[in-house]
>>> print(open('model.json').read())   # JSON, C-alpha atoms and all ligand atoms
[["chain", "number", "residue", "atom", "x", "y", "z"],
["A", 1, "MET", "CA", -2.59, 5.85, -41.43],
["A", 2, "ALA", "CA", -3.21, 5.15, -37.79],
["A", 3, "SER", "CA", -1.68, 1.99, -36.44],
["A", 4, "LYS", "CA", -3.97, -0.83, -35.40],
["A", 5, "TRP", "CA", -1.57, -2.28, -32.89],
["A", 6, "VAL", "CA", -2.46, -2.44, -29.23],
["A", 7, "VAL", "CA", 0.77, -3.65, -27.70],
["A", 8, "GLY", "CA", 1.39, -5.55, -24.48],
["A", 9, "ILE", "CA", 4.95, -5.42, -23.20],
["A", 10, "ASP", "CA", 6.17, -7.79, -20.51],
["A", 11, "ILE", "CA", 8.85, -6.33, -18.25],
["A", 12, "ASP", "CA", 11.09, -9.03, -16.74],
["A", 13, "GLY", "CA", 13.25, -10.70, -19.37],
["A", 14, "VAL", "CA", 11.86, -8.43, -22.08],
["A", 15, "LEU", "CA", 12.49, -4.86, -21.03],
["A", 16, "ALA", "CA", 14.43, -5.29, -17.78],
["A", 17, "ASP", "CA", 17.38, -7.63, -17.34],
["A", 18, "THR", "CA", 16.03, -8.97, -14.07],
["A", 19, "VAL", "CA", 18.00, -12.21, -14.28],
["A", 20, "THR", "CA", 21.31, -10.39, -13.96],
["A", 21, "SER", "CA", 19.85, -8.44, -11.07],
["A", 22, "MET", "CA", 18.81, -11.70, -9.43],
["A", 23, "ALA", "CA", 22.28, -13.18, -9.91],
["A", 24, "VAL", "CA", 23.88, -10.21, -8.15],
["A", 25, "TRP", "CA", 21.23, -10.19, -5.42],
["A", 26, "SER", "CA", 21.64, -13.93, -4.89],
["A", 27, "ARG", "CA", 25.40, -13.61, -4.51],
["A", 28, "ILE", "CA", 25.22, -10.67, -2.10],
["A", 29, "VAL", "CA", 22.27, -11.77, 0.05],
["A", 30, "TYR", "CA", 22.57, -15.55, -0.01],
["A", 31, "GLY", "CA", 26.17, -16.15, -1.11],
["A", 32, "LYS", "CA", 24.84, -18.15, -4.03],
["A", 33, "GLY", "CA", 26.00, -16.47, -7.20],
["A", 34, "PHE", "CA", 25.10, -17.94, -10.58],
["A", 35, "ASP", "CA", 25.74, -17.20, -14.22],
["A", 36, "PRO", "CA", 22.67, -15.50, -15.76],
["A", 37, "LYS", "CA", 23.35, -17.48, -18.96],
["A", 38, "SER", "CA", 22.77, -20.72, -17.04],
["A", 39, "VAL", "CA", 19.17, -19.78, -16.25],
["A", 40, "THR", "CA", 17.24, -22.08, -18.53],
["A", 41, "THR", "CA", 13.91, -21.82, -16.71],
["A", 42, "TRP", "CA", 12.16, -19.11, -14.69],
["A", 43, "ASP", "CA", 11.95, -21.66, -11.86],
["A", 44, "LEU", "CA", 15.25, -20.66, -10.28],
["A", 45, "THR", "CA", 15.15, -23.56, -7.81],
["A", 46, "GLU", "CA", 15.74, -25.84, -10.80],
["A", 47, "CYS", "CA", 18.79, -24.15, -12.25],
["A", 48, "THR", "CA", 20.45, -22.49, -9.24],
["A", 49, "ASP", "CA", 21.21, -23.41, -5.60],
["A", 50, "LEU", "CA", 18.45, -21.11, -4.35],
["A", 51, "THR", "CA", 15.68, -22.55, -2.18],
["A", 52, "SER", "CA", 12.04, -21.75, -2.92],
["A", 53, "ASN", "CA", 11.89, -19.50, 0.19],
["A", 54, "GLU", "CA", 14.92, -17.53, -1.00],
["A", 55, "VAL", "CA", 13.42, -17.13, -4.46],
["A", 56, "GLU", "CA", 10.12, -16.05, -2.92],
["A", 57, "ASP", "CA", 11.85, -13.42, -0.72],
["A", 58, "MET", "CA", 13.88, -12.19, -3.65],
["A", 59, "ILE", "CA", 10.97, -11.68, -6.05],
["A", 60, "ASN", "CA", 9.06, -9.84, -3.33],
["A", 61, "SER", "CA", 11.91, -7.36, -2.80],
["A", 62, "PRO", "CA", 11.24, -4.06, -4.60],
["A", 63, "ASN", "CA", 14.96, -3.19, -4.54],
["A", 64, "LEU", "CA", 15.70, -6.13, -6.80],
["A", 65, "TYR", "CA", 13.74, -4.49, -9.60],
["A", 66, "SER", "CA", 15.07, -0.98, -9.02],
["A", 67, "SER", "CA", 18.59, -2.13, -9.82],
["A", 68, "ALA", "CA", 17.77, -4.00, -13.05],
["A", 69, "LEU", "CA", 19.17, -2.53, -16.24],
["A", 70, "PRO", "CA", 17.04, -2.21, -19.36],
["A", 71, "TYR", "CA", 17.94, -4.38, -22.32],
["A", 72, "HIS", "CA", 19.73, -2.36, -25.00],
["A", 73, "PHE", "CA", 17.56, 0.19, -26.81],
["A", 74, "GLY", "CA", 14.36, -1.01, -25.10],
["A", 75, "PRO", "CA", 13.33, 2.37, -23.70],
["A", 76, "ASP", "CA", 14.45, 4.15, -26.89],
["A", 77, "VAL", "CA", 12.32, 1.97, -29.15],
["A", 78, "ILE", "CA", 9.30, 2.25, -26.83],
["A", 79, "ARG", "CA", 9.60, 6.04, -26.74],
["A", 80, "LEU", "CA", 9.70, 6.14, -30.53],
["A", 81, "MET", "CA", 6.72, 3.80, -30.80],
["A", 82, "ALA", "CA", 4.69, 6.14, -28.59],
["A", 83, "GLU", "CA", 5.93, 9.42, -30.07],
["A", 84, "ARG", "CA", 5.47, 8.36, -33.68],
["A", 85, "GLN", "CA", 2.19, 6.59, -32.99],
["A", 86, "ALA", "CA", 3.45, 3.29, -34.30],
["A", 87, "CYS", "CA", 0.78, 1.73, -32.06],
["A", 88, "THR", "CA", -2.54, 2.93, -30.73],
["A", 89, "TYR", "CA", -1.85, 1.92, -27.15],
["A", 90, "ILE", "CA", 0.91, 0.41, -25.02],
["A", 91, "TRP", "CA", 0.36, -1.67, -21.88],
["A", 92, "PHE", "CA", 3.24, -2.63, -19.63],
["A", 93, "VAL", "CA", 1.97, -5.95, -18.29],
["A", 94, "SER", "CA", 3.84, -7.77, -15.55],
["A", 95, "ALA", "CA", 3.20, -10.66, -13.18],
["A", 96, "ARG", "CA", 5.37, -8.94, -10.57],
["A", 97, "PRO", "CA", 3.75, -8.86, -7.12],
["A", 98, "THR", "CA", 1.76, -5.76, -6.13],
["A", 99, "ILE", "CA", 4.36, -4.82, -3.50],
["A", 100, "THR", "CA", 6.72, -3.91, -6.37],
["A", 101, "LEU", "CA", 4.30, -1.45, -7.99],
["A", 102, "GLY", "CA", 6.07, 1.68, -6.71],
["A", 103, "ALA", "CA", 9.52, 0.39, -7.70],
["A", 104, "THR", "CA", 8.28, -0.62, -11.14],
["A", 105, "ALA", "CA", 6.55, 2.71, -11.80],
["A", 106, "ALA", "CA", 9.69, 4.55, -10.65],
["A", 107, "TRP", "CA", 11.84, 2.38, -12.93],
["A", 108, "LEU", "CA", 9.70, 3.22, -15.97],
["A", 109, "ASN", "CA", 9.96, 6.86, -14.97],
["A", 110, "TRP", "CA", 13.78, 6.75, -14.64],
["A", 111, "HIS", "CA", 13.98, 5.35, -18.12],
["A", 112, "HIS", "CA", 11.59, 8.00, -19.47],
["A", 113, "ILE", "CA", 8.89, 5.62, -20.65],
["A", 114, "ALA", "CA", 6.29, 5.99, -17.89],
["A", 115, "GLU", "CA", 4.27, 8.27, -20.19],
["A", 116, "ALA", "CA", 4.50, 5.91, -23.14],
["A", 117, "GLY", "CA", 2.04, 3.37, -21.74],
["A", 118, "THR", "CA", -0.09, 2.18, -18.85],
["A", 119, "LEU", "CA", 1.36, -0.12, -16.19],
["A", 120, "LYS", "CA", -0.56, -3.19, -15.00],
["A", 121, "ILE", "CA", 1.08, -5.32, -12.39],
["A", 122, "ASP", "CA", 0.26, -8.67, -10.75],
["A", 123, "VAL", "CA", -1.26, -9.91, -14.00],
["A", 124, "THR", "CA", -0.95, -13.67, -13.75],
["A", 125, "ASP", "CA", -3.29, -14.45, -16.66],
["A", 126, "LYS", "CA", -1.91, -12.45, -19.57],
["A", 127, "GLU", "CA", -4.00, -14.35, -22.11],
["A", 128, "ASN", "CA", -7.16, -13.11, -20.39],
["A", 129, "PHE", "CA", -5.67, -9.62, -20.06],
["A", 130, "ALA", "CA", -4.94, -9.50, -23.80],
["A", 131, "ASP", "CA", -8.45, -10.69, -24.56],
["A", 132, "GLN", "CA", -10.11, -8.14, -22.25],
["A", 133, "HIS", "CA", -8.02, -5.19, -23.44],
["A", 134, "GLY", "CA", -7.85, -5.90, -27.16],
["A", 135, "VAL", "CA", -4.09, -6.42, -27.09],
["A", 136, "ASN", "CA", -3.20, -7.77, -30.54],
["A", 137, "VAL", "CA", 0.60, -7.79, -30.27],
["A", 138, "PHE", "CA", 2.47, -9.01, -27.23],
["A", 139, "ILE", "CA", 6.19, -8.92, -26.48],
["A", 140, "GLU", "CA", 6.85, -11.75, -24.05],
["A", 141, "ASP", "CA", 9.74, -14.03, -23.11],
["A", 142, "ASN", "CA", 8.13, -16.75, -20.96],
["A", 143, "PRO", "CA", 7.64, -19.72, -23.32],
["A", 144, "GLN", "CA", 4.46, -21.01, -21.64],
["A", 145, "THR", "CA", 2.93, -17.52, -21.70],
["A", 146, "VAL", "CA", 4.02, -17.04, -25.32],
["A", 147, "LEU", "CA", 2.10, -20.15, -26.37],
["A", 148, "LYS", "CA", -1.06, -18.94, -24.62],
["A", 149, "LEU", "CA", -0.79, -15.41, -26.04],
["A", 150, "ALA", "CA", -0.40, -16.81, -29.55],
["A", 151, "ASN", "CA", -4.03, -17.99, -29.29],
["A", 152, "ILE", "CA", -5.29, -14.45, -28.64],
["A", 153, "CYS", "CA", -2.89, -12.03, -30.35],
["A", 154, "GLU", "CA", -2.25, -11.49, -34.06],
["A", 155, "PHE", "CA", 1.39, -12.07, -33.34],
["A", 156, "VAL", "CA", 3.80, -12.41, -30.46],
["A", 157, "LEU", "CA", 7.38, -11.17, -30.48],
["A", 158, "MET", "CA", 9.64, -13.31, -28.31],
["A", 159, "PRO", "CA", 13.11, -12.03, -27.45],
["A", 160, "THR", "CA", 15.34, -15.11, -27.52],
["A", 161, "ARG", "CA", 16.70, -15.94, -24.07],
["A", 162, "PRO", "CA", 18.40, -19.05, -22.60],
["A", 163, "TRP", "CA", 15.07, -20.01, -20.94],
["A", 164, "ASN", "CA", 12.92, -19.93, -24.09],
["A", 165, "ASN", "CA", 15.08, -21.86, -26.48],
["A", 166, "MET", "CA", 12.09, -23.72, -27.86],
["A", 167, "ILE", "CA", 12.25, -25.86, -30.95],
["A", 168, "LYS", "CA", 8.72, -25.45, -32.25],
["A", 169, "LEU", "CA", 6.85, -22.17, -32.21],
["A", 170, "PRO", "CA", 3.37, -21.35, -33.51],
["A", 171, "ARG", "CA", 3.39, -19.56, -36.87],
["A", 172, "ASN", "CA", 2.46, -16.22, -35.35],
["A", 173, "VAL", "CA", 5.33, -16.17, -32.85],
["A", 174, "TYR", "CA", 8.43, -14.41, -34.10],
["A", 175, "PRO", "CA", 11.70, -14.79, -32.21],
["A", 176, "VAL", "CA", 13.65, -11.53, -32.10],
["A", 177, "SER", "CA", 17.24, -10.87, -31.13],
["A", 178, "GLY", "CA", 16.56, -7.60, -29.34],
["A", 179, "TRP", "CA", 14.82, -4.25, -29.34],
["A", 180, "LEU", "CA", 16.22, -2.99, -32.63],
["A", 181, "GLU", "CA", 14.61, -5.96, -34.32],
["A", 182, "ILE", "CA", 11.39, -5.36, -32.38],
["A", 183, "GLY", "CA", 11.43, -1.79, -33.71],
["A", 184, "ASP", "CA", 11.51, -3.12, -37.27],
["A", 185, "TYR", "CA", 8.05, -4.66, -36.76],
["A", 186, "PHE", "CA", 6.54, -1.30, -35.80],
["A", 187, "PHE", "CA", 8.41, 0.81, -38.35],
["A", 188, "PRO", "CA", 8.16, -1.41, -41.43],
["A", 189, "LYS", "CA", 9.11, 1.40, -43.80],
["A", 190, "GLY", "CA", 12.31, 2.01, -41.94],
["A", 191, "TRP", "CA", 13.15, 4.09, -38.95],
["A", 192, "GLN", "CA", 16.11, 5.86, -37.58],
["A", 193, "TYR", "CA", 17.43, 5.68, -34.10],
["A", 194, "ILE", "CA", 17.42, 9.24, -32.72],
["B", 1, "MG", "MG", 9.06, -12.02, -18.63]]
>>> encode(input="model.json", output="structure tokens")
Amino acid sequence: MASKWVVGIDIDGVLADTVTSMAVWSRIVYGKGFDPKSVTTWDLTECTDLTSNEVEDMINSPNLYSSALPYHFGPDVIRLMAERQACTYIWFVSARPTITLGATAAWLNWHHIAEAGTLKIDVTDKENFADQHGVNVFIEDNPQTVLKLANICEFVLMPTRPWNNMIKLPRNVYPVSGWLEIGDYFFPKGWQYI
């Protein structure tokens, strides 16, 4: 039976470990290293010594994203989802600035998932995006965005991170420990990592 899931996948904090990349970048470029585990909000000016100008420069630097590592098994699970038609469509949906489009597309290509879905960048209103594109499952880590997406999607999978340690979640938001657990939602009868 064909899957009914149209899946939206956020990139930073979900697929790519951008926080670790930012910590390294911050140490090398600004001499302000920080422990990625201490990042309890995406507003880095609140939990690090970085100024808002430094954060702005950093997030507009394509090289920052090129060096990010994928979270364990992320690309593998996405490839399987596409190959085995565990979903009807995959969107990679990111709020990254347009200047990072080339670096982001190249990153998906390096990790062999560019063909698995369609990339949309500079999407600041993901709730509207999900509504317009019929996205009924979203994988998202930003707690504010998760709450909004829960109004539109059938369910939202939220990888647990230090910055989304929320106490109360809507009933259709499921915290997940990582990509193997995400895979379980799309292969409910069991699946094998190959
Ligand atoms: Mg994110």
>>> closest_atom_pairs(input="model.json", of="chain A", to="ligand MG 1 (chain B)", cutoff="7 Å", atoms="only C-alpha atoms and all ligand atoms", output="JSON lines")
{"residue": "A:Asp10", "atom": "CA", "partner": "B:MG1", "partner_atom": "MG", "distance": 5.5}
{"residue": "A:Ile11", "atom": "CA", "partner": "B:MG1", "partner_atom": "MG", "distance": 5.7}
{"residue": "A:Asp12", "atom": "CA", "partner": "B:MG1", "partner_atom": "MG", "distance": 4.1}
{"residue": "A:Gly13", "atom": "CA", "partner": "B:MG1", "partner_atom": "MG", "distance": 4.5}
{"residue": "A:Val14", "atom": "CA", "partner": "B:MG1", "partner_atom": "MG", "distance": 5.7}
{"residue": "A:Glu140", "atom": "CA", "partner": "B:MG1", "partner_atom": "MG", "distance": 5.9}
{"residue": "A:Asp141", "atom": "CA", "partner": "B:MG1", "partner_atom": "MG", "distance": 5.0}
{"residue": "A:Asn142", "atom": "CA", "partner": "B:MG1", "partner_atom": "MG", "distance": 5.4}
>>> closest_residue(input="model.json", among="A:Ile139, A:Val77, A:Ala95, A:Ala68", to="Ala116 (chain A)", atoms="only C-alpha atoms")
A:Val77
>>> atom_distance(input="model.json", atom1="CA of His112 (chain A)", atom2="CA of Lys4 (chain A)")
24.0 Å
>>> residues_near_point(input="model.json", point="(20.5, -14.4, -23.7)", cutoff="12 Å", atoms="all atoms listed in the file", output="mmCIF file with C-alpha atoms, in the frame of the given file")
data_model
loop_
_atom_site.group_PDB
_atom_site.id
_atom_site.type_symbol
_atom_site.label_atom_id
_atom_site.label_comp_id
_atom_site.auth_asym_id
_atom_site.auth_seq_id
_atom_site.Cartn_x
_atom_site.Cartn_y
_atom_site.Cartn_z
ATOM 1 C CA GLY A 13 13.250 -10.700 -19.370
ATOM 2 C CA VAL A 14 11.860 -8.430 -22.080
ATOM 3 C CA ASP A 17 17.380 -7.630 -17.340
ATOM 4 C CA THR A 18 16.030 -8.970 -14.070
ATOM 5 C CA VAL A 19 18.000 -12.210 -14.280
ATOM 6 C CA THR A 20 21.310 -10.390 -13.960
ATOM 7 C CA ASP A 35 25.740 -17.200 -14.220
ATOM 8 C CA PRO A 36 22.670 -15.500 -15.760
ATOM 9 C CA LYS A 37 23.350 -17.480 -18.960
ATOM 10 C CA SER A 38 22.770 -20.720 -17.040
ATOM 11 C CA VAL A 39 19.170 -19.780 -16.250
ATOM 12 C CA THR A 40 17.240 -22.080 -18.530
ATOM 13 C CA TYR A 71 17.940 -4.380 -22.320
ATOM 14 C CA ASP A 141 9.740 -14.030 -23.110
ATOM 15 C CA MET A 158 9.640 -13.310 -28.310
ATOM 16 C CA PRO A 159 13.110 -12.030 -27.450
ATOM 17 C CA THR A 160 15.340 -15.110 -27.520
ATOM 18 C CA ARG A 161 16.700 -15.940 -24.070
ATOM 19 C CA PRO A 162 18.400 -19.050 -22.600
ATOM 20 C CA TRP A 163 15.070 -20.010 -20.940
ATOM 21 C CA ASN A 164 12.920 -19.930 -24.090
ATOM 22 C CA ASN A 165 15.080 -21.860 -26.480
ATOM 23 C CA VAL A 176 13.650 -11.530 -32.100
ATOM 24 C CA SER A 177 17.240 -10.870 -31.130
ATOM 25 C CA GLY A 178 16.560 -7.600 -29.340
#
>>> closest_residue(input="model.json", among="A:Asp122, A:Pro170, A:His111, A:Lys189", to="Ile78 (chain A)", atoms="only C-alpha atoms")
A:His111
>>> atom_distance(input="model.json", atom1="CA of Gly33 (chain A)", atom2="CA of Asp49 (chain A)")
8.6 Å
>>> atom_distance(input="model.json", atom1="CA of Phe34 (chain A)", atom2="CA of Met58 (chain A)")
14.4 Å
>>> closest_residue(input="model.json", among="A:Leu64, A:Val156, A:Ala82, A:Trp110", to="Ile28 (chain A)", atoms="only C-alpha atoms")
A:Leu64
>>> closest_residue(input="model.json", among="A:Tyr89, A:Phe186, A:Trp25, A:Tyr174", to="Asn63 (chain A)", atoms="only C-alpha atoms")
A:Trp25
>>> closest_residue(input="model.json", among="A:Thr100, A:Asn136, A:Asn53, A:Ser66", to="Leu119 (chain A)", atoms="all atoms listed in the file")
A:Thr100
>>> residues_around(input="model.json", residues="Leu169 (chain A)", least_positions_apart="2", cutoff="10 Å", atoms="all atoms listed in the file", output="list in words")
Pro143, Val146, Leu147, Ala150, Met166, Ile167, Arg171, Asn172, Val173, Tyr174 and Pro175 of chain A
>>> residues_around(input="model.json", residues="Thr124 (chain A)", least_positions_apart="2", cutoff="10 Å", atoms="all atoms listed in the file", output="list in words")
Val93, Ser94, Ala95, Arg96, Pro97, Ile121, Asp122, Lys126, Glu127, Asn128, Phe129 and Thr145 of chain A
>>> decode(input="model.json", residues="region 22-110 of chain A", atoms="C-alpha atoms", output="PDB file, in the first residue's frame")
ATOM      1  CA  MET A  22      29.217  26.601  15.124  1.00  0.00           C
ATOM      2  CA  ALA A  23      31.213  25.813  18.265  1.00  0.00           C
ATOM      3  CA  VAL A  24      34.312  25.025  16.195  1.00  0.00           C
ATOM      4  CA  TRP A  25      33.776  28.049  13.942  1.00  0.00           C
ATOM      5  CA  SER A  26      33.279  30.306  16.948  1.00  0.00           C
ATOM      6  CA  ARG A  27      36.509  29.121  18.547  1.00  0.00           C
ATOM      7  CA  ILE A  28      38.575  29.474  15.376  1.00  0.00           C
ATOM      8  CA  VAL A  29      37.151  32.739  14.027  1.00  0.00           C
ATOM      9  CA  TYR A  30      36.231  34.614  17.199  1.00  0.00           C
ATOM     10  CA  GLY A  31      38.249  32.831  19.899  1.00  0.00           C
ATOM     11  CA  LYS A  32      35.004  32.108  21.706  1.00  0.00           C
ATOM     12  CA  GLY A  33      34.645  28.360  21.969  1.00  0.00           C
ATOM     13  CA  PHE A  34      31.627  26.853  23.715  1.00  0.00           C
ATOM     14  CA  ASP A  35      30.332  23.430  24.602  1.00  0.00           C
ATOM     15  CA  PRO A  36      27.584  22.403  22.128  1.00  0.00           C
ATOM     16  CA  LYS A  37      25.756  20.756  25.051  1.00  0.00           C
ATOM     17  CA  SER A  38      25.419  24.168  26.719  1.00  0.00           C
ATOM     18  CA  VAL A  39      23.326  25.522  23.842  1.00  0.00           C
ATOM     19  CA  THR A  40      19.885  25.668  25.370  1.00  0.00           C
ATOM     20  CA  THR A  41      18.382  28.081  22.849  1.00  0.00           C
ATOM     21  CA  TRP A  42      18.936  28.811  19.156  1.00  0.00           C
ATOM     22  CA  ASP A  43      19.595  32.423  20.180  1.00  0.00           C
ATOM     23  CA  LEU A  44      23.333  31.965  20.618  1.00  0.00           C
ATOM     24  CA  THR A  45      23.766  35.447  22.095  1.00  0.00           C
ATOM     25  CA  GLU A  46      21.898  34.156  25.152  1.00  0.00           C
ATOM     26  CA  CYS A  47      23.962  31.069  25.861  1.00  0.00           C
ATOM     27  CA  THR A  48      27.419  31.933  24.468  1.00  0.00           C
ATOM     28  CA  ASP A  49      29.751  34.964  24.463  1.00  0.00           C
ATOM     29  CA  LEU A  50      28.983  35.663  20.810  1.00  0.00           C
ATOM     30  CA  THR A  51      27.610  39.067  19.815  1.00  0.00           C
ATOM     31  CA  SER A  52      24.605  39.334  17.509  1.00  0.00           C
ATOM     32  CA  ASN A  53      26.873  40.581  14.675  1.00  0.00           C
ATOM     33  CA  GLU A  54      29.150  37.564  15.068  1.00  0.00           C
ATOM     34  CA  VAL A  55      26.183  35.200  15.053  1.00  0.00           C
ATOM     35  CA  GLU A  56      24.791  36.955  11.986  1.00  0.00           C
ATOM     36  CA  ASP A  57      28.125  36.656  10.121  1.00  0.00           C
ATOM     37  CA  MET A  58      28.441  33.029  11.119  1.00  0.00           C
ATOM     38  CA  ILE A  59      25.001  31.921   9.950  1.00  0.00           C
ATOM     39  CA  ASN A  60      25.564  33.699   6.636  1.00  0.00           C
ATOM     40  CA  SER A  61      28.811  31.801   5.993  1.00  0.00           C
ATOM     41  CA  PRO A  62      28.263  28.880   3.593  1.00  0.00           C
ATOM     42  CA  ASN A  63      31.452  27.171   4.831  1.00  0.00           C
ATOM     43  CA  LEU A  64      29.899  26.735   8.258  1.00  0.00           C
ATOM     44  CA  TYR A  65      27.311  24.381   6.807  1.00  0.00           C
ATOM     45  CA  SER A  66      29.705  22.501   4.542  1.00  0.00           C
ATOM     46  CA  SER A  67      31.658  21.274   7.544  1.00  0.00           C
ATOM     47  CA  ALA A  68      28.669  20.063   9.602  1.00  0.00           C
ATOM     48  CA  LEU A  69      28.431  16.329  10.168  1.00  0.00           C
ATOM     49  CA  PRO A  70      25.137  14.496   9.768  1.00  0.00           C
ATOM     50  CA  TYR A  71      23.554  13.056  12.886  1.00  0.00           C
ATOM     51  CA  HIS A  72      24.050   9.288  13.061  1.00  0.00           C
ATOM     52  CA  PHE A  73      22.115   7.287  10.469  1.00  0.00           C
ATOM     53  CA  GLY A  74      20.212  10.359   9.209  1.00  0.00           C
ATOM     54  CA  PRO A  75      21.197   9.999   5.555  1.00  0.00           C
ATOM     55  CA  ASP A  76      20.816   6.200   5.727  1.00  0.00           C
ATOM     56  CA  VAL A  77      17.269   6.359   7.042  1.00  0.00           C
ATOM     57  CA  ILE A  78      16.282   9.043   4.515  1.00  0.00           C
ATOM     58  CA  ARG A  79      17.690   6.994   1.642  1.00  0.00           C
ATOM     59  CA  LEU A  80      15.687   3.977   2.794  1.00  0.00           C
ATOM     60  CA  MET A  81      12.532   6.058   3.174  1.00  0.00           C
ATOM     61  CA  ALA A  82      12.873   7.220  -0.426  1.00  0.00           C
ATOM     62  CA  GLU A  83      13.977   3.895  -1.919  1.00  0.00           C
ATOM     63  CA  ARG A  84      11.306   1.839  -0.188  1.00  0.00           C
ATOM     64  CA  GLN A  85       8.612   4.453  -0.723  1.00  0.00           C
ATOM     65  CA  ALA A  86       7.900   4.771   2.967  1.00  0.00           C
ATOM     66  CA  CYS A  87       6.606   8.249   2.101  1.00  0.00           C
ATOM     67  CA  THR A  88       5.110   9.796  -1.003  1.00  0.00           C
ATOM     68  CA  TYR A  89       7.339  12.857  -0.956  1.00  0.00           C
ATOM     69  CA  ILE A  90      10.221  14.345   1.020  1.00  0.00           C
ATOM     70  CA  TRP A  91      10.921  18.061   1.394  1.00  0.00           C
ATOM     71  CA  PHE A  92      14.127  19.308   2.962  1.00  0.00           C
ATOM     72  CA  VAL A  93      12.904  22.555   4.516  1.00  0.00           C
ATOM     73  CA  SER A  94      15.338  24.992   6.077  1.00  0.00           C
ATOM     74  CA  ALA A  95      15.300  28.580   7.299  1.00  0.00           C
ATOM     75  CA  ARG A  96      18.947  28.921   6.253  1.00  0.00           C
ATOM     76  CA  PRO A  97      19.630  32.103   4.259  1.00  0.00           C
ATOM     77  CA  THR A  98      19.541  31.908   0.453  1.00  0.00           C
ATOM     78  CA  ILE A  99      23.302  32.524   0.253  1.00  0.00           C
ATOM     79  CA  THR A 100      23.808  29.007   1.659  1.00  0.00           C
ATOM     80  CA  LEU A 101      21.754  27.287  -1.049  1.00  0.00           C
ATOM     81  CA  GLY A 102      24.766  25.993  -3.004  1.00  0.00           C
ATOM     82  CA  ALA A 103      26.524  24.710   0.132  1.00  0.00           C
ATOM     83  CA  THR A 104      23.347  23.028   1.354  1.00  0.00           C
ATOM     84  CA  ALA A 105      22.625  21.350  -1.985  1.00  0.00           C
ATOM     85  CA  ALA A 106      26.249  20.165  -2.150  1.00  0.00           C
ATOM     86  CA  TRP A 107      26.010  18.810   1.401  1.00  0.00           C
ATOM     87  CA  LEU A 108      22.908  16.761   0.567  1.00  0.00           C
ATOM     88  CA  ASN A 109      24.744  15.503  -2.499  1.00  0.00           C
ATOM     89  CA  TRP A 110      27.858  14.485  -0.516  1.00  0.00           C
TER      90      TRP A 110
END
